[in-house]
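Take a look at the structure set out below.
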Protein chains: 2
Amino acid sequence: MARCPTHRVLDRLGDKWVSLLLKELGEGPKRHSDLAHALAGASQKMLTQTLRGLERDGFVSRFVTPSVPVRVDYALTPLGERLLPVIHAMTLWAERHIEEIDAAQQAYDLLENSAP
Amino acid sequence: MARCPTHRVLDRLGDKWVSLLLKELGEGPKRHSDLAHALAGASQKMLTQTLRGLERDGFVSRFVTPSVPVRVDYALTPLGERLLPVIHAMTLWAERHIEEIDAAQQAYDLLENSAP
DNA sequence: CGGAATCCAAAGGGATACTG
DNA sequence: CAGTATCCCTTTGGATTCCG
């Protein structure tokens, strides 16, 4: 099951900062500092770590300009861009149903707290 | 960002056993013991915990038949069924591109191990 | 049979300091 | 500017045991 493609992809997409990162890079290539600014809540460690993971999967490419100081740009690969439509479908679905999920959670939590 | 619908849904879908569980329940209602059998690798704790999470989100419903011994059936709710199409789209995408991902990972790992 | 509780190991993730 | 390396706390998940 660790090799089930669906699970592998969802596992990556479920990483804390991946959805935001893909959203940013979906708009076009960005510098590391731009991404750091966009993902204000992410630690520098997690930003790099997440980018490495996406790079390893082939979703993101990394360009280093060896100036001083160094400049690093990230962009979606063709594979990464082909992922965008399904992400978009997920986003649309989530936005359309989030209120229903909220309602379900509140209802569930109410019952839990009333009968322990 | 913790309230971003996309992230919330992906976070749940990224849970270790969720994709398998939804796949099983997508085929129709199942007993707890059936699910336990299908998800052979999951501990009993994780199975129940995952089902509780999906129930709280409103994706899954739980029916208890108070016989002796007790019988518990799980099924997708209407909301859960509306989730199936996007899951299916993800599955399709993942199966179509998993080889490309594998290739990217192998290429990446080769470069890592050759220049540490 | 289904589940709750406990205990414990491993992975995730943040803060900080240091390097080229 | 971008990245690496620690340190440390939190979360996740598995094994086991006990309850209806």
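Chain lettering (A, B, ...) mirrors the order of the structure tokens, residue numbering begins at 1 for each chain separately, and ligand numbering begins at 1 in order of display.
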Hey, what's within 12 Å of segment 2-17 of chain D if we count only C-alpha atoms (C1' of nucleotides) and toss same-chain stuff fewer than 4 positions away? As JSON, numbers by chain, please? {"A": [31, 32, 33, 34, 35, 36, 44, 45, 46, 47, 48, 49, 51, 52, 62, 63, 64, 65, 66, 67, 68, 69, 70, 71, 72, 73], "B": [15, 16, 17, 41, 42, 43, 44, 45, 46, 47, 49, 50], "C": [4, 5, 6, 7, 8, 9, 10, 11, 12, 13, 14, 15, 16, 17, 18, 19, 20]}
Show me, as a tab-separated table, the residues of chain A having an atom within 7 Å of chain B, each with the closest atom pair and its distance in Å, using only C-alpha atoms.
residue	atom	partner	partner_atom	distance
A:Pro5	CA	B:Ala94	CA	5.3
A:Thr6	CA	B:Thr91	CA	4.9
A:His7	CA	B:Ser19	CA	6.3
A:Val9	CA	B:Ala94	CA	6.4
A:Leu10	CA	B:Gly14	CA	5.0
A:Asp11	CA	B:Gly14	CA	4.6
A:Leu13	CA	B:Leu10	CA	6.5
A:Gly14	CA	B:Gly14	CA	4.5
A:Ser19	CA	B:His7	CA	6.3
A:Arg56	CA	B:Gln105	CA	5.1
A:Asp57	CA	B:Ile101	CA	5.2
A:Gly58	CA	B:Ala104	CA	5.0
A:Val86	CA	B:Met90	CA	6.4
A:Ala89	CA	B:Val86	CA	6.8
A:Met90	CA	B:Val86	CA	6.4
A:Thr91	CA	B:Thr6	CA	4.9
A:Ala94	CA	B:Pro5	CA	5.3
A:Glu95	CA	B:Pro5	CA	5.7
A:Ile98	CA	B:Pro5	CA	6.0
A:Ile101	CA	B:Asp57	CA	5.2
A:Ala104	CA	B:Gly58	CA	5.1
A:Gln105	CA	B:Arg56	CA	5.1
A:Tyr108	CA	B:Arg56	CA	5.6
What would the file look like if the residues just selected were written as a PDB file, in the first residue's frame with N, CA, C and O atoms?
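Output file result36.pdb is given in full below:
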ATOM      1  N   PRO A   5      -0.089   4.522  -5.915  1.00  0.00           N
ATOM      2  CA  PRO A   5       0.147   5.864  -6.461  1.00  0.00           C
ATOM      3  C   PRO A   5      -0.730   6.939  -5.825  1.00  0.00           C
ATOM      4  O   PRO A   5      -0.235   8.006  -5.464  1.00  0.00           O
ATOM      5  N   THR A   6      -2.000   6.633  -5.656  1.00  0.00           N
ATOM      6  CA  THR A   6      -2.906   7.619  -5.068  1.00  0.00           C
ATOM      7  C   THR A   6      -2.430   8.045  -3.692  1.00  0.00           C
ATOM      8  O   THR A   6      -2.379   9.242  -3.385  1.00  0.00           O
ATOM      9  N   HIS A   7      -2.079   7.044  -2.902  1.00  0.00           N
ATOM     10  CA  HIS A   7      -1.641   7.370  -1.553  1.00  0.00           C
ATOM     11  C   HIS A   7      -0.351   8.182  -1.564  1.00  0.00           C
ATOM     12  O   HIS A   7      -0.189   9.125  -0.790  1.00  0.00           O
ATOM     13  N   VAL A   9       0.750  10.252  -3.818  1.00  0.00           N
ATOM     14  CA  VAL A   9       0.520  11.639  -4.239  1.00  0.00           C
ATOM     15  C   VAL A   9      -0.230  12.415  -3.157  1.00  0.00           C
ATOM     16  O   VAL A   9       0.139  13.542  -2.810  1.00  0.00           O
ATOM     17  N   LEU A  10      -1.262  11.794  -2.591  1.00  0.00           N
ATOM     18  CA  LEU A  10      -2.028  12.473  -1.547  1.00  0.00           C
ATOM     19  C   LEU A  10      -1.164  12.743  -0.320  1.00  0.00           C
ATOM     20  O   LEU A  10      -1.335  13.753   0.357  1.00  0.00           O
ATOM     21  N   ASP A  11      -0.260  11.822  -0.055  1.00  0.00           N
ATOM     22  CA  ASP A  11       0.625  11.988   1.086  1.00  0.00           C
ATOM     23  C   ASP A  11       1.481  13.250   0.907  1.00  0.00           C
ATOM     24  O   ASP A  11       1.622  14.050   1.819  1.00  0.00           O
ATOM     25  N   LEU A  13       0.769  15.809  -1.146  1.00  0.00           N
ATOM     26  CA  LEU A  13      -0.122  16.968  -1.192  1.00  0.00           C
ATOM     27  C   LEU A  13      -0.645  17.336   0.189  1.00  0.00           C
ATOM     28  O   LEU A  13      -1.039  18.476   0.431  1.00  0.00           O
ATOM     29  N   GLY A  14      -0.661  16.362   1.086  1.00  0.00           N
ATOM     30  CA  GLY A  14      -1.124  16.613   2.433  1.00  0.00           C
ATOM     31  C   GLY A  14      -0.070  17.258   3.314  1.00  0.00           C
ATOM     32  O   GLY A  14      -0.373  17.661   4.433  1.00  0.00           O
ATOM     33  N   SER A  19       0.272  22.702  -0.481  1.00  0.00           N
ATOM     34  CA  SER A  19      -0.813  23.305  -1.262  1.00  0.00           C
ATOM     35  C   SER A  19      -0.550  24.793  -1.486  1.00  0.00           C
ATOM     36  O   SER A  19      -0.724  25.294  -2.604  1.00  0.00           O
ATOM     37  N   ARG A  56      12.248  16.604  -5.634  1.00  0.00           N
ATOM     38  CA  ARG A  56      12.544  15.180  -5.770  1.00  0.00           C
ATOM     39  C   ARG A  56      11.448  14.466  -6.535  1.00  0.00           C
ATOM     40  O   ARG A  56      11.720  13.568  -7.335  1.00  0.00           O
ATOM     41  N   ASP A  57      10.205  14.845  -6.307  1.00  0.00           N
ATOM     42  CA  ASP A  57       9.083  14.215  -7.014  1.00  0.00           C
ATOM     43  C   ASP A  57       9.002  14.656  -8.470  1.00  0.00           C
ATOM     44  O   ASP A  57       8.218  14.091  -9.241  1.00  0.00           O
ATOM     45  N   GLY A  58       9.760  15.679  -8.798  1.00  0.00           N
ATOM     46  CA  GLY A  58       9.730  16.153 -10.179  1.00  0.00           C
ATOM     47  C   GLY A  58       8.654  17.188 -10.445  1.00  0.00           C
ATOM     48  O   GLY A  58       8.354  17.485 -11.602  1.00  0.00           O
ATOM     49  N   VAL A  86      -5.849  19.055 -11.312  1.00  0.00           N
ATOM     50  CA  VAL A  86      -6.475  18.259 -10.254  1.00  0.00           C
ATOM     51  C   VAL A  86      -6.463  19.012  -8.924  1.00  0.00           C
ATOM     52  O   VAL A  86      -7.403  18.924  -8.132  1.00  0.00           O
ATOM     53  N   ALA A  89      -9.304  21.323  -9.157  1.00  0.00           N
ATOM     54  CA  ALA A  89     -10.565  20.621  -8.922  1.00  0.00           C
ATOM     55  C   ALA A  89     -10.782  20.412  -7.422  1.00  0.00           C
ATOM     56  O   ALA A  89     -11.883  20.619  -6.898  1.00  0.00           O
ATOM     57  N   MET A  90      -9.710  20.017  -6.718  1.00  0.00           N
ATOM     58  CA  MET A  90      -9.785  19.840  -5.278  1.00  0.00           C
ATOM     59  C   MET A  90     -10.147  21.159  -4.587  1.00  0.00           C
ATOM     60  O   MET A  90     -10.978  21.184  -3.672  1.00  0.00           O
ATOM     61  N   THR A  91      -9.492  22.225  -5.001  1.00  0.00           N
ATOM     62  CA  THR A  91      -9.747  23.531  -4.398  1.00  0.00           C
ATOM     63  C   THR A  91     -11.199  23.928  -4.564  1.00  0.00           C
ATOM     64  O   THR A  91     -11.864  24.362  -3.611  1.00  0.00           O
ATOM     65  N   ALA A  94     -13.375  21.792  -2.373  1.00  0.00           N
ATOM     66  CA  ALA A  94     -13.220  22.148  -0.962  1.00  0.00           C
ATOM     67  C   ALA A  94     -13.963  23.436  -0.640  1.00  0.00           C
ATOM     68  O   ALA A  94     -14.665  23.523   0.377  1.00  0.00           O
ATOM     69  N   GLU A  95     -13.844  24.416  -1.513  1.00  0.00           N
ATOM     70  CA  GLU A  95     -14.508  25.695  -1.253  1.00  0.00           C
ATOM     71  C   GLU A  95     -16.026  25.544  -1.292  1.00  0.00           C
ATOM     72  O   GLU A  95     -16.747  26.205  -0.545  1.00  0.00           O
ATOM     73  N   ILE A  98     -16.927  23.296   2.118  1.00  0.00           N
ATOM     74  CA  ILE A  98     -16.323  23.515   3.428  1.00  0.00           C
ATOM     75  C   ILE A  98     -17.369  23.868   4.485  1.00  0.00           C
ATOM     76  O   ILE A  98     -17.229  23.479   5.656  1.00  0.00           O
ATOM     77  N   ILE A 101     -18.822  20.742   5.762  1.00  0.00           N
ATOM     78  CA  ILE A 101     -17.867  20.081   6.649  1.00  0.00           C
ATOM     79  C   ILE A 101     -17.866  20.748   8.019  1.00  0.00           C
ATOM     80  O   ILE A 101     -17.904  20.076   9.052  1.00  0.00           O
ATOM     81  N   ALA A 104     -20.890  19.715   9.889  1.00  0.00           N
ATOM     82  CA  ALA A 104     -20.776  18.337  10.361  1.00  0.00           C
ATOM     83  C   ALA A 104     -19.883  18.269  11.599  1.00  0.00           C
ATOM     84  O   ALA A 104     -20.198  17.577  12.575  1.00  0.00           O
ATOM     85  N   GLN A 105     -18.780  18.994  11.568  1.00  0.00           N
ATOM     86  CA  GLN A 105     -17.857  18.972  12.702  1.00  0.00           C
ATOM     87  C   GLN A 105     -18.500  19.546  13.947  1.00  0.00           C
ATOM     88  O   GLN A 105     -18.350  19.002  15.043  1.00  0.00           O
ATOM     89  N   TYR A 108     -20.977  17.109  15.280  1.00  0.00           N
ATOM     90  CA  TYR A 108     -20.278  15.983  15.899  1.00  0.00           C
ATOM     91  C   TYR A 108     -19.726  16.379  17.271  1.00  0.00           C
ATOM     92  O   TYR A 108     -19.883  15.635  18.244  1.00  0.00           O
TER      93      TYR A 108
END
Give me, as a compact mmCIF listing (two decimals) with N, CA, C and O atoms (P, O5', C5', C4', C3', O3' and C1' of nucleotides), in the first residue's frame, the contact residues of chain C against chain B at a cut-off of 8 Å, counting only C-alpha atoms (C1' of nucleotides).
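File written: iface_15.txt
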# COMPACT_ATOMS: atom_id res chain seq x y z
P DC C 1 -15.36 -11.94 16.06
O5' DC C 1 -16.15 -10.56 16.26
C5' DC C 1 -17.52 -10.51 15.84
C4' DC C 1 -17.96 -9.10 16.09
C3' DC C 1 -17.03 -8.05 15.48
O3' DC C 1 -17.81 -7.07 14.84
C1' DC C 1 -17.21 -7.74 17.85
P DG C 2 -17.18 -5.96 13.88
O5' DG C 2 -16.94 -4.72 14.87
C5' DG C 2 -18.06 -4.21 15.53
C4' DG C 2 -17.69 -3.20 16.59
C3' DG C 2 -16.67 -2.12 16.18
O3' DG C 2 -17.20 -0.86 16.48
C1' DG C 2 -16.02 -3.16 18.19
P DG C 3 -16.34 0.48 16.16
O5' DG C 3 -15.64 0.76 17.56
C5' DG C 3 -16.47 1.03 18.67
C4' DG C 3 -15.64 1.11 19.92
C3' DG C 3 -14.53 2.18 19.87
O3' DG C 3 -14.68 2.97 21.01
C1' DG C 3 -13.71 0.17 20.73
Which of chain B end up as strand (DSSP E or B) when DSSP is run on this backbone - answer as a list in words? Lys30, Arg31, Val60, Ser61, Arg62, Phe63, Val64, Thr65, Arg71, Val72, Asp73, Tyr74, Ala75 and Leu76 of chain B
What parts of chain B does DSSP call helix (DSSP H, G or I)? I'd like the answer as a ChimeraX atom specification. /B:5-13,18-26,32-38,44-57,78-114
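Atom CA of Val60 of chain B sits 15.9 Å away from atom CA of Leu111 of chain A.
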